[in-house]
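**Student:** Have a look at the structure that comes next, please.
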Amino acid sequence: MSLRVEGLTVRYGEVTALDGLSVHVAAGEVTGLVGMNGAGKSTLFGAIMGTVPISSGRILLDDEEPARARRRGAIGYVPQGEAIDTSFPVSVADVVMMGRYGHQGLTRRPRPADRRAVAEAIERVELEDLAHRPIGALSGGQRRRAFVARGLAQGASTLLLDEPFAGVDKRSEALLVGVLRELAADGCTVLVSTHDLHALPELAHSAVLLRRRLLFHGPVVEALEPAMLARAFGLDPLTRQEAGR
Amino acid sequence: MNPLDLLTEPLQYDFMLRALAATSLAAVVCALLSCWLVLIGWSLMGDAVSHAVLPGVVLSYALGLPFALGAIVFGILAVVLIGAVRDSRRVAEDAAIGIVFTTLFALGLVLISVTPSHTDLGHILFGSVLGVSRGDLVQIALLAAIVLVLLLMRRRDLTLYAFDPTHARAIGLSPRRLGALLLGLLAVTAVVALQVVGVILVVAMLIIPGATARLLTDRFSRMLLIAPTFSVAASAAGILLSYWLDAASGGLIVLVQGTLYALVHLFAPRYGLLARHRVWRGDGSEGSVSSGAASSADGSAATGSSETTGFSETTGVAVPTERQAPPVSDAQIASVAERPSGTAPLDPTSDTSSASENSGPSRTSSSAPTTMP
């Protein structure tokens with residue numbers, strides 16, 4: 001399912017967080033969403049998730065409004081590390097089962113198919129041994145894997161990940177990169193917001209540079225050109241050279 | 001005297017049986033609801049709604065309506081008003097709650113003082129469980145049943161709402177509606193408990209059982225068993241004590257709950273003060289949760305520290321350090337509309353001024369851009 005953003009503008013009062021953003025994120029690819037804090041990465045996710053009011057423009061997932069896609073369970077979301085309440089008394093298996101709620105009846109009673117899906121998802125992120133641990137007892141990387149497993153169990157065709165590699169150990173990072181690439185190969189749209197540039201080449205097929213508006217969308221190698229990055233992160237290349245001398 | 005008489009003698013009286021039944025019902029629904037309230041952090045909200053129903057109760061008495069009706073209307077009114085005051089954005093949520101519930105409570109007090117005197121202020125404020133009539137009990141049972149069924153049917157969604165409202169939204173649920181459901185149930189529950197312990201102490205039954213259960217388990221499903229059991233036992237003990245001591249029943253119910261909470265706080269196997277003290281001193285054989293986490297971590301720190309050094313340590317990275325250097329300084333001073341991220345891999349190694357190359361914060365000095373042109 002591809003993600004199409006057309007002329008998206010989001011304002012918080014006086015502040016314009018996104019200004020006429022148009023971008024088409026292809027299905028079957030991992031796309032990196034790169035920009036500094038305040039560039040609008042979280043705002044874009046919020047607009048897709050419906051937590052942020054859109055001032056103008058629209059978002060389409062395969063010609064479908066996000067609200068409808070959400071109701072079908074088509075959008076999976078992996079929150080930022082610090083957005084997770086680690087003191088909450090739920091286990092890894094509980095969290096992953098939450099991905100199945102959209103497939104279940106009103107009381108969300110798990111069926112055998114749900115249990116299978118949960119077990120498979122947990123296996124895929126290699127957390128079998130920790131499935132019944134409270135999520136507060138996991139490391140940052142393991143916790144992120146649990147939330148990705150939730151997206152897998154959900155069967156989402158679009159997966160949004162907000163800074164998934166912040167505070168994550170190398171093993172978890174490598175594992176997550178592998179899983180996300182597999183998902184993309186299966187035809188999913190995977191959008192990963194990050195300002196962790198060193199992981200980008202292995203992770204993403206293409207990159208979107210964001211600074212309240214679209215700066216660049218294309219191959220990762222080109223996105224990582226110094227001039228391009230300087231624009232994304234708000235540094236005039238000329239000034240920098242002068243400072244270097 | 002046979003010790004069993006301590007139990008059986010009070011139970012010879014119908015009013016004691018009714019009191020026990022009403023107390024147990026209230027204890028169960030309050031305890032179940034409290035599991036969510038303490039996890040979301042809505043204790044103050046519980047306090048607010050239970051106080052705000054007072055004018056509704058008084059009006060219902062005056063008009064001869066079932067008092068639950070007025071209470072629910074005012075409970076919902078309180079929630080709406082709190083939302084309205086909070087949305088003005090100049091007032092924080094706790095202040096909004098404080099303004100609304102005290103005003104509504106005051107309205108209730110004024111109404112009591114001007115309505116004909118068959119509504120007894122003391123009974124509403126402090127409960128009158130020993131005076132519960134058959135009709136009252138039926139009403140309590142009915143409301144308790146409604147809350148119980150809704151809570152248990154929707155328990156997984158409510159837990160999801162408490163834990164991760166964004167995911168609730170992601171799968172097409174409405175967090176707003178789930179929150180409203182919980183608040184509506186809170187208003188009804190306040191009514192159920194009002195007769196037992198009175199408006200002022202309802203909040204105790206809405207917080208203590210859930211908080212106690214949380215100290216005893218790491219599984220939410222077990223909290224839903226522990227909290228009601230704890231609450232019913234404590235409340236029944238409170239009622240019996242009030243019979244033998246001839247003291248305030250509402251006060252004793254809450255006193256017993258509070259005392260039991262204190263014991264759990266001290267002696268809970270994992271989260272009790274003593275257990276933690278043993279872990280600190282290092283002679284506890286059972287590790288705490290956090291020490292378990294450390295041993296199960298993939299051999300790496302769980303915080304962003306590995307990220308900040310990652311740039312320079314990682315070999316074969318496509319982005320050399322000199323390319324990362326420029327983004328840094330402006331990321332710091334950028335006007336920020338998004339929530340500032342706590343873990344910023346592109347960390348302060350400000351490079352625009354020539355003097356700063358070696359003076360970065362010590363945390364990131366290992367990745368300082370020494371390869372700057």
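We label chains A, B, ... in the order they appear in the structure tokens, count residues from 1 in each chain, and number ligands from 1 in the order shown.
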What are the closest atom pairs, with distances in Å to one decimal, for all residues of chain A lying within 7 Å of chain B? Consider only C-alpha atoms, order rows by chain and residue number, and present the result as a tab-separated table.
**Tutor:**
residue	atom	partner	partner_atom	distance
A:Ala17	CA	B:Ala337	CA	6.2
A:Met36	CA	B:Ala331	CA	5.7
A:Asn37	CA	B:Val336	CA	6.3
A:Gly38	CA	B:Val336	CA	4.3
A:Gly40	CA	B:Glu338	CA	6.8
A:Ser42	CA	B:Glu338	CA	6.5
A:Thr43	CA	B:Glu338	CA	6.9
A:Met49	CA	B:Ala170	CA	6.2
A:Arg70	CA	B:Gly172	CA	4.8
A:Arg71	CA	B:Gly172	CA	3.9
A:Gly73	CA	B:Ile171	CA	4.7
A:Ile75	CA	B:Ala170	CA	6.1
A:Gly76	CA	B:Ala170	CA	6.4
A:Tyr77	CA	B:His167	CA	6.6
A:Asp85	CA	B:Phe163	CA	6.7
A:Phe88	CA	B:Phe163	CA	6.8
A:Pro89	CA	B:Asp218	CA	4.7
A:Val90	CA	B:Arg219	CA	5.7
A:Gly102	CA	B:Ile171	CA	5.7
A:Thr107	CA	B:Met153	CA	5.2
A:Arg108	CA	B:Arg156	CA	6.5
A:Pro134	CA	B:Asp218	CA	6.5
A:Ala137	CA	B:Ala293	CA	4.5
A:Leu138	CA	B:Ala293	CA	5.3
A:Ser139	CA	B:Ala297	CA	5.2
A:Gly140	CA	B:Ala302	CA	4.9
A:Ala166	CA	B:Gly304	CA	6.0
A:Gly167	CA	B:Gly304	CA	3.9
A:Val168	CA	B:Ala302	CA	6.4
A:Asp169	CA	B:Ser300	CA	5.7
A:His195	CA	B:Pro345	CA	6.9
A:Asp196	CA	B:Pro345	CA	6.0
A:His198	CA	B:Val317	CA	5.8
A:Pro201	CA	B:Ala318	CA	6.9
A:Pro226	CA	B:Arg323	CA	5.5
A:Leu229	CA	B:Pro327	CA	6.9
A:Ala230	CA	B:Pro327	CA	6.1
A:Phe233	CA	B:Pro327	CA	4.6
A:Gly234	CA	B:Asp330	CA	6.0
A:Leu235	CA	B:Pro326	CA	6.5
A:Arg240	CA	B:Thr352	CA	6.4
A:Ala243	CA	B:Thr352	CA	5.7
A:Gly244	CA	B:Pro373	CA	5.7
**Student:** Assign secondary structure with DSSP using the backbone only, and return the residues of region 2-167 of chain A in helix (DSSP H, G or I) as a ChimeraX atom specification.
**Tutor:** /A:41-49,66-71,81-83,92-103,112-124,128-130,135-137,140-154
**Student:** Any idea what's packed within 12 Å of Ala131 (chain A), counting only C-alpha atoms, ignoring anything in its chain fewer than 4 positions away? Could you give it as a PyMOL selection string?
**Tutor:** chain A and resi 90-97+118-123+125-127+135+137-138+142-143+145-146+149
**Student:** Just the strand (DSSP E or B) stuff from region 77-142 of chain A, please, per backbone DSSP, written as a CSV table (one decimal) with N, CA and C atoms, in the first residue's frame.
**Tutor:**
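Final file, result-v5.csv:
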chain,number,residue,atom,x,y,z
A,77,TYR,N,1.9,1.1,14.0
A,77,TYR,CA,2.7,2.3,14.5
A,77,TYR,C,3.6,1.8,15.6
A,78,VAL,N,4.9,2.1,15.5
A,78,VAL,CA,5.8,1.8,16.6
A,78,VAL,C,6.3,3.1,17.2
A,91,SER,N,2.8,-7.8,29.6
A,91,SER,CA,3.9,-8.6,29.2
A,91,SER,C,4.1,-8.4,27.7
A,134,PRO,N,7.4,-8.7,31.9
A,134,PRO,CA,6.8,-7.4,31.8
A,134,PRO,C,7.6,-6.5,30.9
**Student:** What separation in Å, quoted to one decimal, exists between CA of Gly20 (chain A) and CA of Arg231 (chain A)?
**Tutor:**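 Computing it gives 17.7 Å between the two atoms.
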**Student:** Which residues, written as a list in words, have at least one atom at most 6 Å from Leu60 (chain A), with only C-alpha atoms counted and residues fewer than 3 positions away on the same chain left out?
**Tutor:**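 Residues near the query, excluding close chain neighbours: Leu3, Arg4, Asp63, Glu64 and Glu65 of chain A.
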**Student:** Output the selection as a short mmCIF file (atom, residue, chain, number, x, y, z; two decimals), in the first residue's frame - N, CA and C atoms for each residue.
**Tutor:**
data_model
loop_
_atom_site.label_atom_id
_atom_site.label_comp_id
_atom_site.auth_asym_id
_atom_site.auth_seq_id
_atom_site.Cartn_x
_atom_site.Cartn_y
_atom_site.Cartn_z
N LEU A 3 1.85 5.31 0.08
CA LEU A 3 1.40 6.45 0.89
C LEU A 3 1.60 7.71 0.07
N ARG A 4 0.50 8.44 -0.15
CA ARG A 4 0.58 9.65 -0.95
C ARG A 4 0.17 10.85 -0.10
N ASP A 63 -5.33 5.40 -2.37
CA ASP A 63 -6.62 6.04 -2.64
C ASP A 63 -7.61 5.94 -1.48
N GLU A 64 -7.12 5.63 -0.29
CA GLU A 64 -8.02 5.46 0.85
C GLU A 64 -7.66 6.50 1.91
N GLU A 65 -8.68 7.07 2.54
CA GLU A 65 -8.44 8.00 3.63
C GLU A 65 -7.75 7.25 4.79
#
**Student:** Determine, counting only C-alpha atoms, which protein, DNA and RNA residues have an atom within 10 Å of an atom of region 253-263 of chain B; residues of the same chain fewer than 3 positions away are not included. Present the result as number ranges by chain.
**Tutor:** B: 23, 27, 196-197, 201-205, 208-209, 211-213, 215, 230-242, 248-250, 266-268, 272-273
**Student:** Now that the selection is made, can you save its residues with C-alpha atoms as a PDB file, in the first residue's frame?
**Tutor:**
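As written to disk, again_20.pdb reads:
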ATOM      1  CA  THR B  23     -20.380  -2.723  50.682  1.00  0.00           C
ATOM      2  CA  ALA B  27     -15.996  -2.682  46.789  1.00  0.00           C
ATOM      3  CA  VAL B 196     -21.325   3.109  51.513  1.00  0.00           C
ATOM      4  CA  VAL B 197     -18.522   5.491  52.390  1.00  0.00           C
ATOM      5  CA  LEU B 201     -14.203   8.952  50.955  1.00  0.00           C
ATOM      6  CA  VAL B 202     -15.306   7.409  47.640  1.00  0.00           C
ATOM      7  CA  VAL B 203     -11.971   8.282  46.151  1.00  0.00           C
ATOM      8  CA  ALA B 204     -10.224   5.980  48.613  1.00  0.00           C
ATOM      9  CA  MET B 205     -12.120   2.983  47.288  1.00  0.00           C
ATOM     10  CA  ILE B 208      -6.336   2.072  47.190  1.00  0.00           C
ATOM     11  CA  PRO B 209      -7.328  -1.360  45.798  1.00  0.00           C
ATOM     12  CA  ALA B 211      -2.571   0.682  43.944  1.00  0.00           C
ATOM     13  CA  THR B 212      -2.313  -2.270  46.301  1.00  0.00           C
ATOM     14  CA  ALA B 213      -2.773  -4.797  43.521  1.00  0.00           C
ATOM     15  CA  LEU B 215       2.406  -3.651  44.224  1.00  0.00           C
ATOM     16  CA  PHE B 230      -8.527  -7.111  48.669  1.00  0.00           C
ATOM     17  CA  SER B 231     -11.261  -4.502  48.595  1.00  0.00           C
ATOM     18  CA  VAL B 232     -14.114  -6.835  49.574  1.00  0.00           C
ATOM     19  CA  ALA B 233     -12.105  -8.322  52.443  1.00  0.00           C
ATOM     20  CA  ALA B 234     -11.040  -4.933  53.750  1.00  0.00           C
ATOM     21  CA  SER B 235     -14.512  -3.445  53.428  1.00  0.00           C
ATOM     22  CA  ALA B 236     -16.255  -6.364  55.133  1.00  0.00           C
ATOM     23  CA  ALA B 237     -13.722  -6.152  57.938  1.00  0.00           C
ATOM     24  CA  GLY B 238     -14.430  -2.432  58.193  1.00  0.00           C
ATOM     25  CA  ILE B 239     -18.190  -3.019  58.489  1.00  0.00           C
ATOM     26  CA  LEU B 240     -17.785  -5.672  61.179  1.00  0.00           C
ATOM     27  CA  LEU B 241     -15.351  -3.460  63.072  1.00  0.00           C
ATOM     28  CA  SER B 242     -17.831  -0.622  62.936  1.00  0.00           C
ATOM     29  CA  ALA B 248     -18.262   5.281  61.718  1.00  0.00           C
ATOM     30  CA  SER B 249     -18.647   2.526  59.109  1.00  0.00           C
ATOM     31  CA  GLY B 250     -17.437   4.545  56.116  1.00  0.00           C
ATOM     32  CA  LEU B 266       6.111  -2.530  53.446  1.00  0.00           C
ATOM     33  CA  PHE B 267       6.013  -6.268  52.909  1.00  0.00           C
ATOM     34  CA  ALA B 268       5.104  -6.919  49.262  1.00  0.00           C
ATOM     35  CA  GLY B 272       7.637  -3.719  49.139  1.00  0.00           C
ATOM     36  CA  LEU B 273      10.011  -1.393  50.962  1.00  0.00           C
TER      37      LEU B 273
END
